[in-house]
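For reference, model-v2.txt (compact mmCIF, C-alpha atoms):
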# COMPACT_ATOMS: atom_id res chain seq x y z
CA MET A 1 -69.85 26.81 37.96
CA PRO A 2 -73.59 26.26 37.34
CA MET A 3 -74.93 22.72 38.11
CA SER A 4 -76.10 20.61 35.20
CA ILE A 5 -79.79 19.63 35.20
CA ASN A 6 -78.72 16.02 35.78
CA ASN A 7 -76.76 16.95 38.92
CA ALA A 8 -79.69 18.97 40.28
CA ARG A 9 -81.93 15.93 39.75
CA LYS A 10 -79.46 13.69 41.60
CA ILE A 11 -79.38 16.08 44.57
CA THR A 12 -83.21 16.19 44.65
CA LEU A 13 -83.32 12.39 44.55
CA VAL A 14 -80.78 11.98 47.38
CA THR A 15 -82.58 14.59 49.55
CA LEU A 16 -85.86 12.81 49.00
CA MET A 17 -84.32 9.44 49.92
CA ILE A 18 -82.88 10.86 53.15
CA PHE A 19 -86.30 12.30 54.03
CA CYS A 20 -87.88 8.91 53.31
CA ILE A 21 -85.47 7.06 55.59
CA VAL A 22 -85.85 9.60 58.42
CA SER A 23 -89.66 9.69 58.29
CA ALA A 24 -89.95 5.91 57.98
CA SER A 25 -87.64 5.29 60.96
CA SER A 26 -89.35 7.88 63.21
CA GLY A 27 -92.62 6.18 62.29
CA SER A 28 -91.44 2.75 63.34
CA ALA A 29 -90.07 4.09 66.66
CA ALA A 30 -93.51 5.46 67.45
CA VAL A 31 -95.23 2.21 66.41
CA ALA A 32 -93.40 0.35 69.21
CA PRO A 33 -93.48 2.72 72.23
CA SER A 34 -91.97 1.46 75.47
CA ILE A 35 -95.30 1.81 77.33
CA PRO A 36 -98.37 0.37 75.55
CA ASP A 37 -101.63 2.28 75.31
CA ALA A 38 -103.96 2.33 78.30
CA LEU A 39 -106.62 -0.06 77.00
CA THR A 40 -103.98 -2.60 75.96
CA VAL A 41 -102.44 -2.47 79.44
CA ILE A 42 -105.85 -2.78 81.13
CA HIS A 43 -106.60 -5.91 79.08
CA ASN A 44 -103.07 -7.37 79.35
CA ARG A 45 -102.83 -6.99 83.13
CA LYS A 46 -102.66 -10.39 84.75
CA SER A 47 -101.86 -11.81 88.18
CA VAL A 48 -98.17 -12.68 87.97
CA ARG A 49 -96.90 -15.15 90.58
CA ASN A 50 -93.72 -16.41 88.89
CA PHE A 51 -90.72 -14.12 88.96
CA THR A 52 -87.16 -14.48 87.69
CA GLY A 53 -85.53 -13.24 90.90
CA GLN A 54 -84.11 -10.07 89.29
CA PRO A 55 -84.29 -6.91 91.42
CA VAL A 56 -86.50 -3.89 90.69
CA ASP A 57 -84.78 -0.52 91.10
CA THR A 58 -85.90 2.29 93.41
CA GLU A 59 -86.74 4.66 90.55
CA THR A 60 -89.12 2.12 88.99
CA LEU A 61 -90.76 1.36 92.35
CA THR A 62 -91.28 5.09 92.93
CA LYS A 63 -92.82 5.47 89.47
CA ILE A 64 -95.23 2.60 90.25
CA VAL A 65 -96.35 4.08 93.57
CA LYS A 66 -96.64 7.52 91.96
CA ALA A 67 -99.20 5.98 89.59
CA GLY A 68 -101.01 4.75 92.72
CA MET A 69 -101.23 8.28 94.10
CA ALA A 70 -102.83 9.48 90.84
CA ALA A 71 -105.98 7.50 91.68
CA PRO A 72 -109.18 9.29 92.70
CA THR A 73 -110.11 9.48 96.39
CA ALA A 74 -113.38 10.38 98.07
CA VAL A 75 -113.51 14.20 98.42
CA ASN A 76 -109.75 14.21 97.65
CA MET A 77 -108.85 12.98 101.16
CA GLN A 78 -106.08 10.62 99.93
CA ALA A 79 -106.63 8.26 102.87
CA TRP A 80 -103.66 6.11 101.92
CA SER A 81 -100.02 5.35 102.49
CA PHE A 82 -97.56 2.96 100.83
CA VAL A 83 -94.81 0.77 102.20
CA ILE A 84 -92.16 -0.40 99.72
CA VAL A 85 -90.04 -3.33 100.84
CA SER A 86 -87.04 -4.77 99.02
CA ASP A 87 -85.09 -5.96 102.06
CA LYS A 88 -84.85 -9.76 101.77
CA VAL A 89 -85.25 -10.43 105.50
CA ARG A 90 -88.56 -8.54 105.70
CA MET A 91 -89.79 -10.09 102.46
CA LYS A 92 -89.03 -13.56 103.81
CA ALA A 93 -90.92 -12.73 107.02
CA LEU A 94 -93.96 -11.65 104.97
CA ALA A 95 -93.76 -14.77 102.79
CA ALA A 96 -93.50 -17.00 105.87
CA GLY A 97 -96.55 -15.49 107.55
CA LEU A 98 -98.89 -15.03 104.58
CA PRO A 99 -100.51 -18.09 102.97
CA TYR A 100 -100.70 -16.70 99.41
CA ALA A 101 -97.52 -14.63 99.21
CA LYS A 102 -94.88 -17.39 98.92
CA MET A 103 -93.80 -15.96 95.55
CA LEU A 104 -92.19 -13.06 97.43
CA ASP A 105 -88.93 -15.07 97.51
CA LYS A 106 -88.42 -14.47 93.78
CA ALA A 107 -89.99 -10.99 93.59
CA GLY A 108 -87.81 -7.89 93.44
CA ALA A 109 -89.90 -5.98 95.96
CA ALA A 110 -93.27 -5.78 97.68
CA ILE A 111 -95.66 -2.85 97.81
CA ILE A 112 -98.09 -2.72 100.71
CA VAL A 113 -101.01 -0.36 100.10
CA CYS A 114 -102.46 0.96 103.35
CA ALA A 115 -105.85 2.53 104.06
CA ILE A 116 -106.08 5.17 106.80
CA PRO A 117 -109.68 5.50 108.01
CA GLU A 118 -109.04 8.58 110.15
CA LYS A 119 -107.80 10.47 107.06
CA ALA A 120 -110.81 9.43 104.97
CA TYR A 121 -113.89 11.48 104.12
CA GLN A 122 -116.13 11.44 107.21
CA LYS A 123 -113.41 9.23 108.77
CA LYS A 124 -115.24 6.25 107.26
CA THR A 125 -113.33 2.97 106.82
CA GLU A 126 -115.32 2.30 103.62
CA PHE A 127 -113.98 5.43 101.90
CA SER A 128 -110.40 4.66 102.95
CA ILE A 129 -110.73 1.12 101.55
CA MET A 130 -112.05 2.46 98.22
CA ASP A 131 -109.28 5.11 98.06
CA ALA A 132 -106.59 2.48 98.69
CA THR A 133 -108.23 0.00 96.28
CA CYS A 134 -108.22 2.51 93.40
CA ALA A 135 -104.54 3.20 94.16
CA SER A 136 -103.84 -0.56 94.18
CA GLU A 137 -105.43 -1.00 90.75
CA ASN A 138 -103.34 1.86 89.35
CA ILE A 139 -100.27 0.18 90.85
CA LEU A 140 -101.11 -3.15 89.20
CA LEU A 141 -101.62 -1.37 85.86
CA ALA A 142 -98.36 0.58 86.19
CA ILE A 143 -96.52 -2.68 86.93
CA GLU A 144 -97.95 -4.19 83.71
CA ALA A 145 -97.25 -0.97 81.76
CA LEU A 146 -93.58 -1.13 82.72
CA GLY A 147 -93.21 -4.74 81.59
CA LEU A 148 -93.12 -6.10 85.14
CA GLY A 149 -95.48 -8.43 86.97
CA GLY A 150 -97.45 -8.24 90.20
CA VAL A 151 -100.42 -9.70 92.04
CA TRP A 152 -102.77 -8.50 94.77
CA THR A 153 -102.35 -10.84 97.74
CA ALA A 154 -104.96 -9.90 100.31
CA ALA A 155 -104.34 -8.85 103.90
CA TYR A 156 -107.66 -7.01 104.50
CA PRO A 157 -110.18 -8.09 105.72
CA GLU A 158 -108.41 -11.01 107.46
CA PRO A 159 -107.38 -10.00 111.03
CA ASP A 160 -104.53 -12.57 111.21
CA ARG A 161 -102.93 -11.46 107.95
CA MET A 162 -103.30 -7.75 108.74
CA GLY A 163 -101.72 -8.43 112.15
CA LEU A 164 -98.76 -10.22 110.57
CA VAL A 165 -98.13 -7.42 108.06
CA ARG A 166 -98.44 -4.79 110.80
CA SER A 167 -95.95 -6.60 113.03
CA VAL A 168 -93.33 -7.24 110.27
CA LEU A 169 -93.47 -3.65 108.96
CA GLY A 170 -94.29 -1.67 112.12
CA ILE A 171 -97.61 -0.44 110.77
CA PRO A 172 -99.80 1.21 113.46
CA GLU A 173 -103.05 -0.39 114.64
CA ASN A 174 -105.20 2.40 113.17
CA VAL A 175 -103.81 1.77 109.67
CA ILE A 176 -105.19 -1.03 107.48
CA PRO A 177 -102.66 -2.94 105.37
CA LEU A 178 -104.95 -3.74 102.42
CA ASN A 179 -102.66 -6.05 100.48
CA VAL A 180 -99.11 -7.15 99.76
CA ILE A 181 -98.25 -6.74 96.07
CA PRO A 182 -95.08 -8.62 95.04
CA VAL A 183 -93.40 -6.80 92.13
CA GLY A 184 -90.85 -8.49 89.89
CA HIS A 185 -89.71 -9.55 86.49
CA PRO A 186 -92.21 -12.09 85.13
CA VAL A 187 -91.06 -15.51 83.98
CA GLY A 188 -93.81 -15.15 81.37
CA THR A 189 -96.06 -18.06 82.24
CA GLU A 190 -99.21 -16.10 83.14
CA LYS A 191 -101.72 -14.89 80.57
CA PRO A 192 -104.61 -12.42 81.07
CA LYS A 193 -108.09 -13.87 81.66
CA ASP A 194 -111.01 -12.87 79.45
CA LYS A 195 -113.68 -11.98 82.00
CA PHE A 196 -116.06 -10.13 79.71
CA LYS A 197 -119.61 -11.40 80.14
CA PRO A 198 -122.36 -9.55 78.27
CA GLU A 199 -124.87 -10.78 80.87
CA ASN A 200 -123.06 -8.65 83.47
CA ILE A 201 -124.23 -5.53 81.64
CA HIS A 202 -127.76 -4.31 82.29
CA TRP A 203 -128.95 -1.75 79.76
CA GLU A 204 -131.08 1.12 81.14
CA LYS A 205 -132.22 -0.86 84.19
CA TRP A 206 -131.40 -4.02 86.13
CA MET B 207 -91.93 2.17 22.28
CA PRO B 208 -88.96 2.22 24.70
CA MET B 209 -89.01 4.86 27.52
CA SER B 210 -86.48 7.65 27.43
CA ILE B 211 -84.00 7.90 30.34
CA ASN B 212 -85.72 11.13 31.41
CA ASN B 213 -89.12 9.42 31.60
CA ALA B 214 -87.65 6.54 33.63
CA ARG B 215 -86.20 9.08 36.08
CA LYS B 216 -89.56 10.84 36.37
CA ILE B 217 -91.27 7.55 37.19
CA THR B 218 -88.64 6.74 39.84
CA LEU B 219 -89.10 10.21 41.35
CA VAL B 220 -92.89 9.95 41.47
CA THR B 221 -92.74 6.42 42.97
CA LEU B 222 -90.34 7.65 45.65
CA MET B 223 -92.57 10.62 46.44
CA ILE B 224 -95.62 8.35 46.84
CA PHE B 225 -93.62 6.10 49.18
CA CYS B 226 -92.54 9.17 51.16
CA ILE B 227 -96.09 10.44 51.56
CA VAL B 228 -97.40 7.00 52.57
CA SER B 229 -94.63 6.30 55.11
CA ALA B 230 -94.78 9.83 56.54
CA SER B 231 -98.55 9.67 56.99
CA SER B 232 -98.48 6.20 58.60
CA GLY B 233 -95.65 7.50 60.81
CA SER B 234 -97.62 10.51 61.98
CA ALA B 235 -100.65 8.31 62.72
CA ALA B 236 -98.40 6.24 65.01
CA VAL B 237 -96.82 9.34 66.59
CA ALA B 238 -100.26 10.56 67.67
CA PRO B 239 -102.14 7.33 68.55
CA SER B 240 -105.79 7.70 69.42
CA ILE B 241 -105.23 6.12 72.86
CA PRO B 242 -102.31 7.47 74.93
CA ASP B 243 -99.96 5.20 76.87
CA ALA B 244 -101.10 3.78 80.20
CA LEU B 245 -99.00 5.95 82.52
CA THR B 246 -100.06 9.12 80.69
CA VAL B 247 -103.71 8.13 81.06
CA ILE B 248 -103.26 7.27 84.76
CA HIS B 249 -101.75 10.71 85.39
CA ASN B 250 -104.16 12.61 83.12
CA ARG B 251 -107.31 11.08 84.60
CA LYS B 252 -109.35 13.73 86.35
CA SER B 253 -112.82 14.09 87.81
CA VAL B 254 -114.84 15.63 84.97
CA ARG B 255 -118.09 17.30 85.98
CA ASN B 256 -118.70 19.59 82.99
CA PHE B 257 -120.00 17.98 79.83
CA THR B 258 -121.01 19.35 76.42
CA GLY B 259 -124.28 17.46 76.26
CA GLN B 260 -123.19 15.29 73.29
CA PRO B 261 -124.27 11.62 73.43
CA VAL B 262 -121.90 8.65 73.92
CA ASP B 263 -122.60 5.71 71.62
CA THR B 264 -123.36 2.15 72.71
CA GLU B 265 -120.14 0.73 71.27
CA THR B 266 -118.02 3.16 73.29
CA LEU B 267 -119.98 2.49 76.48
CA THR B 268 -119.51 -1.25 75.98
CA LYS B 269 -115.76 -0.76 75.45
CA ILE B 270 -115.58 1.22 78.72
CA VAL B 271 -117.41 -1.44 80.75
CA LYS B 272 -115.33 -4.16 79.09
CA ALA B 273 -112.26 -2.42 80.56
CA GLY B 274 -114.01 -2.61 83.92
CA MET B 275 -114.41 -6.37 83.61
CA ALA B 276 -110.66 -6.73 82.98
CA ALA B 277 -109.96 -5.72 86.59
CA PRO B 278 -108.71 -8.27 89.12
CA THR B 279 -111.17 -9.82 91.57
CA ALA B 280 -110.58 -11.79 94.76
CA VAL B 281 -110.13 -15.47 93.79
CA ASN B 282 -111.57 -14.55 90.35
CA MET B 283 -115.13 -14.40 91.71
CA GLN B 284 -116.08 -11.31 89.62
CA ALA B 285 -118.58 -10.17 92.23
CA TRP B 286 -119.84 -7.33 90.07
CA SER B 287 -122.44 -6.16 87.61
CA PHE B 288 -122.86 -2.97 85.57
CA VAL B 289 -125.89 -0.88 84.69
CA ILE B 290 -125.53 1.48 81.73
CA VAL B 291 -128.14 4.23 81.47
CA SER B 292 -128.56 6.70 78.64
CA ASP B 293 -132.33 7.17 78.88
CA LYS B 294 -132.91 10.83 79.79
CA VAL B 295 -135.85 10.18 82.12
CA ARG B 296 -133.86 7.76 84.29
CA MET B 297 -130.79 10.02 84.24
CA LYS B 298 -132.94 12.95 85.40
CA ALA B 299 -134.37 10.81 88.21
CA LEU B 300 -130.83 9.91 89.35
CA ALA B 301 -129.73 13.57 89.15
CA ALA B 302 -132.77 14.69 91.13
CA GLY B 303 -132.20 12.19 93.94
CA LEU B 304 -128.41 12.30 94.30
CA PRO B 305 -126.75 15.38 95.83
CA TYR B 306 -123.49 15.21 93.82
CA ALA B 307 -124.72 13.92 90.46
CA LYS B 308 -126.42 17.03 89.08
CA MET B 309 -124.00 17.00 86.11
CA LEU B 310 -125.92 13.99 84.74
CA ASP B 311 -128.14 16.41 82.78
CA LYS B 312 -125.26 17.16 80.38
CA ALA B 313 -123.61 13.69 80.45
CA GLY B 314 -124.15 11.25 77.60
CA ALA B 315 -124.72 8.29 79.90
CA ALA B 316 -124.21 6.96 83.40
CA ILE B 317 -122.49 3.76 84.46
CA ILE B 318 -123.48 2.26 87.78
CA VAL B 319 -120.95 -0.25 89.12
CA CYS B 320 -122.58 -2.79 91.43
CA ALA B 321 -121.00 -5.08 94.03
CA ILE B 322 -122.64 -8.46 94.67
CA PRO B 323 -121.59 -9.81 98.10
CA GLU B 324 -123.14 -13.25 97.59
CA LYS B 325 -120.98 -13.78 94.49
CA ALA B 326 -117.80 -12.68 96.29
CA TYR B 327 -115.03 -14.86 97.72
CA GLN B 328 -116.33 -16.22 101.04
CA LYS B 329 -119.50 -14.18 100.27
CA LYS B 330 -117.81 -11.25 102.01
CA THR B 331 -119.07 -7.73 101.30
CA GLU B 332 -115.48 -6.42 101.62
CA PHE B 333 -114.27 -8.53 98.70
CA SER B 334 -117.22 -7.51 96.52
CA ILE B 335 -116.53 -3.84 97.27
CA MET B 336 -112.86 -4.25 96.31
CA ASP B 337 -113.78 -6.15 93.11
CA ALA B 338 -116.23 -3.43 92.08
CA THR B 339 -113.82 -0.65 93.06
CA CYS B 340 -111.02 -2.05 90.85
CA ALA B 341 -113.53 -2.26 88.00
CA SER B 342 -114.61 1.33 88.66
CA GLU B 343 -111.02 2.58 88.46
CA ASN B 344 -110.53 0.74 85.15
CA ILE B 345 -113.74 2.37 83.90
CA LEU B 346 -112.53 5.86 84.88
CA LEU B 347 -109.20 5.19 83.12
CA ALA B 348 -110.92 3.85 79.99
CA ILE B 349 -113.11 6.97 79.89
CA GLU B 350 -109.98 9.16 80.01
CA ALA B 351 -108.20 6.93 77.46
CA LEU B 352 -111.04 7.42 74.97
CA GLY B 353 -110.95 11.21 75.30
CA LEU B 354 -114.14 11.34 77.36
CA GLY B 355 -114.76 12.48 80.93
CA GLY B 356 -116.27 10.92 84.03
CA VAL B 357 -116.38 11.15 87.79
CA TRP B 358 -117.11 8.73 90.64
CA THR B 359 -120.17 10.01 92.47
CA ALA B 360 -120.67 7.83 95.53
CA ALA B 361 -123.76 5.81 96.40
CA TYR B 362 -122.09 3.30 98.81
CA PRO B 363 -121.88 3.46 101.80
CA GLU B 364 -124.79 5.93 102.13
CA PRO B 365 -128.09 4.03 102.65
CA ASP B 366 -130.26 6.85 101.25
CA ARG B 367 -128.30 7.16 98.03
CA MET B 368 -128.07 3.39 97.52
CA GLY B 369 -131.83 3.21 98.08
CA LEU B 370 -132.50 5.92 95.49
CA VAL B 371 -130.30 4.24 92.85
CA ARG B 372 -131.89 0.87 93.58
CA SER B 373 -135.41 2.25 93.20
CA VAL B 374 -134.72 4.21 89.96
CA LEU B 375 -132.93 1.28 88.28
CA GLY B 376 -134.70 -1.73 89.81
CA ILE B 377 -131.53 -3.03 91.49
CA PRO B 378 -132.23 -5.82 94.02
CA GLU B 379 -131.69 -5.29 97.76
CA ASN B 380 -128.82 -7.80 97.90
CA VAL B 381 -126.84 -5.84 95.30
CA ILE B 382 -124.79 -2.77 96.28
CA PRO B 383 -124.80 0.14 93.82
CA LEU B 384 -121.30 1.43 94.54
CA ASN B 385 -121.38 4.61 92.49
CA VAL B 386 -122.94 6.50 89.61
CA ILE B 387 -120.35 7.48 87.00
CA PRO B 388 -121.56 10.11 84.53
CA VAL B 389 -119.80 9.68 81.16
CA GLY B 390 -119.69 12.42 78.58
CA HIS B 391 -117.73 14.72 76.34
CA PRO B 392 -115.72 17.07 78.55
CA VAL B 393 -116.00 20.83 78.17
CA GLY B 394 -112.29 20.84 79.04
CA THR B 395 -112.28 22.88 82.25
CA GLU B 396 -110.93 20.20 84.61
CA LYS B 397 -107.23 19.43 85.03
CA PRO B 398 -105.62 16.46 86.83
CA LYS B 399 -104.46 17.02 90.43
CA ASP B 400 -100.86 16.27 91.41
CA LYS B 401 -101.31 14.14 94.53
CA PHE B 402 -97.80 12.72 94.78
CA LYS B 403 -96.44 13.17 98.31
CA PRO B 404 -93.07 11.54 99.04
CA GLU B 405 -94.03 11.39 102.75
CA ASN B 406 -96.75 8.89 101.81
CA ILE B 407 -94.05 6.38 100.88
CA HIS B 408 -92.43 4.39 103.69
CA TRP B 409 -89.26 2.62 102.61
CA GLU B 410 -88.68 -0.85 104.09
CA LYS B 411 -90.92 -0.21 107.12
CA TRP B 412 -93.51 2.26 108.41

Mind turning the file's structure into structure tokens?
Amino acid sequence: MPMSINNARKITLVTLMIFCIVSASSGSAAVAPSIPDALTVIHNRKSVRNFTGQPVDTETLTKIVKAGMAAPTAVNMQAWSFVIVSDKVRMKALAAGLPYAKMLDKAGAAIIVCAIPEKAYQKKTEFSIMDATCASENILLAIEALGLGGVWTAAYPEPDRMGLVRSVLGIPENVIPLNVIPVGHPVGTEKPKDKFKPENIHWEKW
Amino acid sequence: MPMSINNARKITLVTLMIFCIVSASSGSAAVAPSIPDALTVIHNRKSVRNFTGQPVDTETLTKIVKAGMAAPTAVNMQAWSFVIVSDKVRMKALAAGLPYAKMLDKAGAAIIVCAIPEKAYQKKTEFSIMDATCASENILLAIEALGLGGVWTAAYPEPDRMGLVRSVLGIPENVIPLNVIPVGHPVGTEKPKDKFKPENIHWEKW
């Protein structure tokens, strides 16, 4: 039985409406991606010191450190290594010994970025520090990108703090623990700082 | 004159089609955002040494350095400063004096990230180097995020290279030019390296 013109119109209309709904919904899913764009994350990154106490799973911690290992290193020497701690006893020992890492008690984990001078280009400490610092910044950005919070608490260049971290985690003497980065679910109190100062840009020459 | 039912249907159909086109096009713009998500950019960043020769505009260069100034610094001391060079004579002088910056001849500009020890926490050189290194990594990521290319060519810790950069750009003796980062439109030859090594992660302790 041939369709009437009216029925054909109805089918066209319904098809068009389905297409509309599908294309509109796929659009809105893409508008709110789970990971924000890179410049947004760079500008939203903040030092987070207040955590809810919720744990951070192994897969997420691996993803964060993987971002660290994507950083550039001098002559590709990758003069770095990473310790990931989620054991409460070790985290308490770090918190007790480090003056600015008390927030570890509510963090889900801690990442310690280490510099290895003997692996660095020309075995120079400076290159290993820059390698490990670039990795640390990637780690802080990945933490923000994943909706978590973190903060660089310094070990290097303070001999006492490096010694404490080495002794709690069994890190060898020839390895430099650069920092202890608590990672956790943010309470939401911290906001990013606006540090842009036009006077810090010199055009063409100093 | 009242509309016929057929005309009313036509108007409904056309309105629906316009809505479809609008929502589909806004959807596709969101599906392919101009700046990729942060983890994609972190993993896609590569050292780009081959440029097309096209210029990079002032607004883009400012946006890149702004990303640098969003990096964390020890005790928020912001012990950094940035020189942006696009003048061909100065870029040639840098290329001539630096062994690994010959690609400057085809770059659109160069960003020189400087560390300022006397502005750093406890006036320590180490903190200024880490501040400027975090900013440098943000700059490299912003370059990638914007579809451009760049590479860290080292000045620090080599006295000769730091001296050359200082003399070409009039940088004072108490300021450390950390690197020279050529920025330009990539030819497209370079690919990111996969540097993830599970053996570089120590779980719970070294």

For chain A, report every residue with an atom at most 7 Å from chain B (counting all atoms listed in the file), formatted as a PyMOL selection string.
chain A and resi 13+20+23-24+26-28+30-31+35-39+41-43+66-67+69-70+81-87+126+130+133-134+137+142+145+157+169-171+195-196+200-206

Would you mind exporting C-alpha atoms of the selected residues as a PDB file, in the coordinates of the input?
ATOM      1  CA  LEU A  13     -83.320  12.390  44.550  1.00  0.00           C
ATOM      2  CA  CYS A  20     -87.880   8.910  53.310  1.00  0.00           C
ATOM      3  CA  SER A  23     -89.660   9.690  58.290  1.00  0.00           C
ATOM      4  CA  ALA A  24     -89.950   5.910  57.980  1.00  0.00           C
ATOM      5  CA  SER A  26     -89.350   7.880  63.210  1.00  0.00           C
ATOM      6  CA  GLY A  27     -92.620   6.180  62.290  1.00  0.00           C
ATOM      7  CA  SER A  28     -91.440   2.750  63.340  1.00  0.00           C
ATOM      8  CA  ALA A  30     -93.510   5.460  67.450  1.00  0.00           C
ATOM      9  CA  VAL A  31     -95.230   2.210  66.410  1.00  0.00           C
ATOM     10  CA  ILE A  35     -95.300   1.810  77.330  1.00  0.00           C
ATOM     11  CA  PRO A  36     -98.370   0.370  75.550  1.00  0.00           C
ATOM     12  CA  ASP A  37    -101.630   2.280  75.310  1.00  0.00           C
ATOM     13  CA  ALA A  38    -103.960   2.330  78.300  1.00  0.00           C
ATOM     14  CA  LEU A  39    -106.620  -0.060  77.000  1.00  0.00           C
ATOM     15  CA  VAL A  41    -102.440  -2.470  79.440  1.00  0.00           C
ATOM     16  CA  ILE A  42    -105.850  -2.780  81.130  1.00  0.00           C
ATOM     17  CA  HIS A  43    -106.600  -5.910  79.080  1.00  0.00           C
ATOM     18  CA  LYS A  66     -96.640   7.520  91.960  1.00  0.00           C
ATOM     19  CA  ALA A  67     -99.200   5.980  89.590  1.00  0.00           C
ATOM     20  CA  MET A  69    -101.230   8.280  94.100  1.00  0.00           C
ATOM     21  CA  ALA A  70    -102.830   9.480  90.840  1.00  0.00           C
ATOM     22  CA  SER A  81    -100.020   5.350 102.490  1.00  0.00           C
ATOM     23  CA  PHE A  82     -97.560   2.960 100.830  1.00  0.00           C
ATOM     24  CA  VAL A  83     -94.810   0.770 102.200  1.00  0.00           C
ATOM     25  CA  ILE A  84     -92.160  -0.400  99.720  1.00  0.00           C
ATOM     26  CA  VAL A  85     -90.040  -3.330 100.840  1.00  0.00           C
ATOM     27  CA  SER A  86     -87.040  -4.770  99.020  1.00  0.00           C
ATOM     28  CA  ASP A  87     -85.090  -5.960 102.060  1.00  0.00           C
ATOM     29  CA  GLU A 126    -115.320   2.300 103.620  1.00  0.00           C
ATOM     30  CA  MET A 130    -112.050   2.460  98.220  1.00  0.00           C
ATOM     31  CA  THR A 133    -108.230   0.000  96.280  1.00  0.00           C
ATOM     32  CA  CYS A 134    -108.220   2.510  93.400  1.00  0.00           C
ATOM     33  CA  GLU A 137    -105.430  -1.000  90.750  1.00  0.00           C
ATOM     34  CA  ALA A 142     -98.360   0.580  86.190  1.00  0.00           C
ATOM     35  CA  ALA A 145     -97.250  -0.970  81.760  1.00  0.00           C
ATOM     36  CA  PRO A 157    -110.180  -8.090 105.720  1.00  0.00           C
ATOM     37  CA  LEU A 169     -93.470  -3.650 108.960  1.00  0.00           C
ATOM     38  CA  GLY A 170     -94.290  -1.670 112.120  1.00  0.00           C
ATOM     39  CA  ILE A 171     -97.610  -0.440 110.770  1.00  0.00           C
ATOM     40  CA  LYS A 195    -113.680 -11.980  82.000  1.00  0.00           C
ATOM     41  CA  PHE A 196    -116.060 -10.130  79.710  1.00  0.00           C
ATOM     42  CA  ASN A 200    -123.060  -8.650  83.470  1.00  0.00           C
ATOM     43  CA  ILE A 201    -124.230  -5.530  81.640  1.00  0.00           C
ATOM     44  CA  HIS A 202    -127.760  -4.310  82.290  1.00  0.00           C
ATOM     45  CA  TRP A 203    -128.950  -1.750  79.760  1.00  0.00           C
ATOM     46  CA  GLU A 204    -131.080   1.120  81.140  1.00  0.00           C
ATOM     47  CA  LYS A 205    -132.220  -0.860  84.190  1.00  0.00           C
ATOM     48  CA  TRP A 206    -131.400  -4.020  86.130  1.00  0.00           C
TER      49      TRP A 206
END

Over all Cα atoms paired in order, how far apart are chain B and chain A after a least-squares superposition, as an RMSD in Å?
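So the superposition leaves a C-alpha RMSD of 1.4 Å.
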
Report as lines of an AutoDock Vina configuration file the centre and the edge lengths, in Å to one decimal, of the axis-aligned box holding every listed atom of range 292-311 of chain B, padded by 8 Å on each side.
center_x = -129.7
center_y = 11.9
center_z = 87.2
size_x = 28.4
size_y = 26.3
size_z = 33.2

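A straight line drawn from CA of Lys312 in chain B to CA of Pro392 in chain B is 9.7 Å long.
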
Applying 8 Å and all atoms listed in the file, which residues near Val381 in chain B remain after dropping the ones on its own chain fewer than 5 positions away? List them as a PDB file with C-alpha atoms, in the coordinates of the input.
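Okay, part.pdb is ready:
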ATOM      1  CA  CYS B 320    -122.580  -2.790  91.430  1.00  0.00           C
ATOM      2  CA  ALA B 321    -121.000  -5.080  94.030  1.00  0.00           C
ATOM      3  CA  ILE B 322    -122.640  -8.460  94.670  1.00  0.00           C
ATOM      4  CA  PRO B 323    -121.590  -9.810  98.100  1.00  0.00           C
TER       5      PRO B 323
END

Point-to-point distance from CA of Gly147 in chain A to CA of Leu98 in chain A, Å rounded to tenths
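One can read the CA of Gly147 in chain A to CA of Leu98 in chain A distance as 25.8 Å.
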
Near-Phe257 in chain B list (8 Å; only C-alpha atoms; drop same-chain fewer than 3 positions) as a list in words
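So, after excluding close chain neighbours, the residues are Val254, Gln260, Met309, Lys312, Ala313, Gly355, Gly390, His391, Pro392 and Val393 of chain B.
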
Once you have the residues from the selection above, write them out as a PDB file, keeping the file's coordinate frame, restricted to C-alpha atoms.
ATOM      1  CA  VAL B 254    -114.840  15.630  84.970  1.00  0.00           C
ATOM      2  CA  GLN B 260    -123.190  15.290  73.290  1.00  0.00           C
ATOM      3  CA  MET B 309    -124.000  17.000  86.110  1.00  0.00           C
ATOM      4  CA  LYS B 312    -125.260  17.160  80.380  1.00  0.00           C
ATOM      5  CA  ALA B 313    -123.610  13.690  80.450  1.00  0.00           C
ATOM      6  CA  GLY B 355    -114.760  12.480  80.930  1.00  0.00           C
ATOM      7  CA  GLY B 390    -119.690  12.420  78.580  1.00  0.00           C
ATOM      8  CA  HIS B 391    -117.730  14.720  76.340  1.00  0.00           C
ATOM      9  CA  PRO B 392    -115.720  17.070  78.550  1.00  0.00           C
ATOM     10  CA  VAL B 393    -116.000  20.830  78.170  1.00  0.00           C
TER      11      VAL B 393
END

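In this comparison, which uses only C-alpha atoms, the residue of B:Leu310, B:Lys298, B:Pro305, B:Asn256 approaching Glu364 in chain B most closely is B:Pro305.
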
Which one is closest to Lys123 in chain A: A:Met77, A:Leu178, A:Ala155, A:Leu61? Count all atoms listed in the file.
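Looking at the shortest contact to Lys123 in chain A, the residue is A:Met77.
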
Closest to Gly303 in chain B among B:Asp366, B:Glu379, B:Glu265, B:Glu324, using all atoms listed in the file?
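Smallest distance to Gly303 in chain B is found for B:Asp366.
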
Using CA of Pro365 in chain B and CA of Ala326 in chain B as the two end points, give the distance in Å to one decimal.
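Calculated distance between CA of Pro365 in chain B and CA of Ala326 in chain B is 20.6 Å.
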